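Participant: Just dropping this structure here.
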Amino acid sequence: MAKGHRSQIKRERNANKDTRPSAKLSYARVSVQKACFVLDAIRGKDVQTALGIVTYNPRYASSLIEKLLKSAIANAENNNGMSAENLYVEECYANKGPTMKRIHPRAQGRAYRIEKRMSHITIVLNER
């Protein structure tokens with residue numbers, strides 16, 4: 001058990017909160033493996049370069065990540081007062097979400113399972 005009053009514990013927990021601007025997309029209808037191809041390309045880059053990469057990337061996940069990256073930039077400008085020129089992609093990762101199970105009929109009365117995977121994509125920015 002933690003020591004101290006409940007309000008004191010909450011105050012300490014909120015003091016350790018991460019203040020970096022970020023954006024999260026939950027339940028994206030793309031698998032983690034496919035999202036990571038695009039995320040690996042933008043990790044560590046400044047936001048202008050990262051936006052250029054995802055804009056001209058032909059993968060489906062890049063359209064989702066472009067929207068998410070623009071949201072993270074807007075969060076940095078509005079909530080943290082940072083300028084977009086100094087920002088870079090510090091962290092970006094995709095975590096596994098729930099999987100929808102579907103059935104595909106096959107020959108002789110058999111059924112094959114199709115797994116439609118989802119992911120939770122997170123982008124964290126920081127200033128240089």
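Residue names in the structure tokens use chain letters A, B, ... in the order shown, residue numbers from 1 in each chain, and ligand numbers from 1 in the order shown.
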At a cut-off of 10 Å, using only C-alpha atoms, what residues contact Arg59 in chain A? Leave out same-chain residues fewer than 3 positions from it and give the result as a PyMOL selection string.
Facilitator: chain A and resi 34-35+37-38+54-56+62-64
Participant: Only N, CA and C atoms, please: the residues just picked out, written as a compact mmCIF listing (two decimals), in the first residue's frame.
Facilitator:
# COMPACT_ATOMS: atom_id res chain seq x y z
N LYS A 34 2.03 -3.86 -40.60
CA LYS A 34 1.89 -2.95 -41.73
C LYS A 34 2.06 -1.49 -41.28
N ALA A 35 1.60 -1.17 -40.07
CA ALA A 35 1.76 0.19 -39.56
C ALA A 35 3.22 0.49 -39.25
N PHE A 37 5.89 -0.45 -40.82
CA PHE A 37 6.68 -0.09 -41.99
C PHE A 37 6.75 1.42 -42.15
N VAL A 38 5.64 2.09 -41.94
CA VAL A 38 5.58 3.55 -42.10
C VAL A 38 6.19 4.23 -40.87
N VAL A 54 5.14 10.52 -45.23
CA VAL A 54 3.83 9.85 -45.15
C VAL A 54 2.87 10.34 -46.24
N THR A 55 3.07 11.56 -46.74
CA THR A 55 2.19 12.07 -47.79
C THR A 55 2.37 11.28 -49.09
N TYR A 56 3.62 10.94 -49.43
CA TYR A 56 3.90 10.28 -50.69
C TYR A 56 4.16 8.78 -50.55
N SER A 62 -0.14 4.87 -44.12
CA SER A 62 0.46 6.20 -44.15
C SER A 62 -0.61 7.30 -44.12
N SER A 63 -1.80 7.03 -44.67
CA SER A 63 -2.86 8.04 -44.60
C SER A 63 -3.35 8.22 -43.16
N LEU A 64 -3.43 7.12 -42.41
CA LEU A 64 -3.82 7.21 -41.01
C LEU A 64 -2.75 7.93 -40.19
Participant: Between A:Ala84, A:Ile65, A:Ala74, A:Ala111, which is the closest to Ala28 in chain A once you count only C-alpha atoms?
Facilitator: A:Ile65
Participant: Please identify which residues in chain A DSSP calls alpha helix (DSSP H) from the backbone, and express them as a PyMOL selection string.
Facilitator: chain A and resi 6-15+32-42+47-55+60-79
Participant: Quick one: everything within 10 Å of Ala76 in chain A, counting only C-alpha atoms, minus sequence neighbours fewer than 2 positions away in the same chain. Send it as a short mmCIF file (atom, residue, chain, number, x, y, z; two decimals) with N, CA and C atoms, in the first residue's frame.
Facilitator:
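The result, written out as part.cif:
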data_model
loop_
_atom_site.label_atom_id
_atom_site.label_comp_id
_atom_site.auth_asym_id
_atom_site.auth_seq_id
_atom_site.Cartn_x
_atom_site.Cartn_y
_atom_site.Cartn_z
N THR A 19 4.80 15.38 -20.24
CA THR A 19 4.30 16.63 -20.80
C THR A 19 4.61 16.77 -22.30
N ARG A 20 5.21 15.75 -22.90
CA ARG A 20 5.51 15.82 -24.33
C ARG A 20 4.21 15.75 -25.13
N PRO A 21 4.13 16.52 -26.22
CA PRO A 21 2.91 16.46 -27.04
C PRO A 21 2.81 15.12 -27.76
N SER A 22 1.59 14.59 -27.79
CA SER A 22 1.41 13.28 -28.43
C SER A 22 0.01 13.18 -29.00
N ALA A 23 -0.20 12.14 -29.79
CA ALA A 23 -1.52 11.82 -30.34
C ALA A 23 -1.61 10.31 -30.44
N LYS A 70 -0.39 15.14 -37.96
CA LYS A 70 -0.91 16.52 -37.98
C LYS A 70 -1.61 16.85 -36.67
N SER A 71 -2.30 15.87 -36.10
CA SER A 71 -2.97 16.07 -34.81
C SER A 71 -1.95 16.30 -33.69
N ALA A 72 -0.85 15.54 -33.70
CA ALA A 72 0.19 15.71 -32.69
C ALA A 72 0.86 17.08 -32.81
N ILE A 73 1.06 17.55 -34.04
CA ILE A 73 1.65 18.88 -34.25
C ILE A 73 0.71 19.96 -33.72
N ALA A 74 -0.60 19.81 -34.00
CA ALA A 74 -1.58 20.78 -33.51
C ALA A 74 -1.64 20.77 -31.98
N ASN A 78 -0.98 24.13 -29.77
CA ASN A 78 -2.07 24.70 -28.98
C ASN A 78 -1.92 24.45 -27.49
N ASN A 79 -1.56 23.23 -27.10
CA ASN A 79 -1.53 22.89 -25.67
C ASN A 79 -0.20 23.22 -25.01
N ASN A 80 0.91 23.07 -25.74
CA ASN A 80 2.23 23.26 -25.14
C ASN A 80 2.93 24.54 -25.60
N GLY A 81 2.37 25.24 -26.59
CA GLY A 81 2.97 26.48 -27.07
C GLY A 81 4.29 26.29 -27.79
N MET A 82 4.51 25.14 -28.41
CA MET A 82 5.75 24.88 -29.14
C MET A 82 5.59 25.32 -30.59
N SER A 83 6.71 25.61 -31.26
CA SER A 83 6.64 25.96 -32.68
C SER A 83 6.91 24.72 -33.52
N ALA A 84 6.24 24.61 -34.65
CA ALA A 84 6.30 23.41 -35.49
C ALA A 84 7.67 23.22 -36.13
N LEU A 87 10.04 20.89 -33.93
CA LEU A 87 9.55 19.58 -33.48
C LEU A 87 10.14 18.44 -34.29
N VAL A 124 4.69 10.44 -30.42
CA VAL A 124 5.13 11.38 -29.39
C VAL A 124 6.17 12.30 -30.02
N LEU A 125 5.97 13.62 -29.90
CA LEU A 125 6.89 14.61 -30.45
C LEU A 125 7.70 15.24 -29.33
N ASN A 126 8.76 15.94 -29.73
CA ASN A 126 9.56 16.71 -28.78
C ASN A 126 10.25 17.84 -29.52
N GLU A 127 10.78 18.81 -28.76
CA GLU A 127 11.47 19.95 -29.37
C GLU A 127 12.98 19.69 -29.40
#
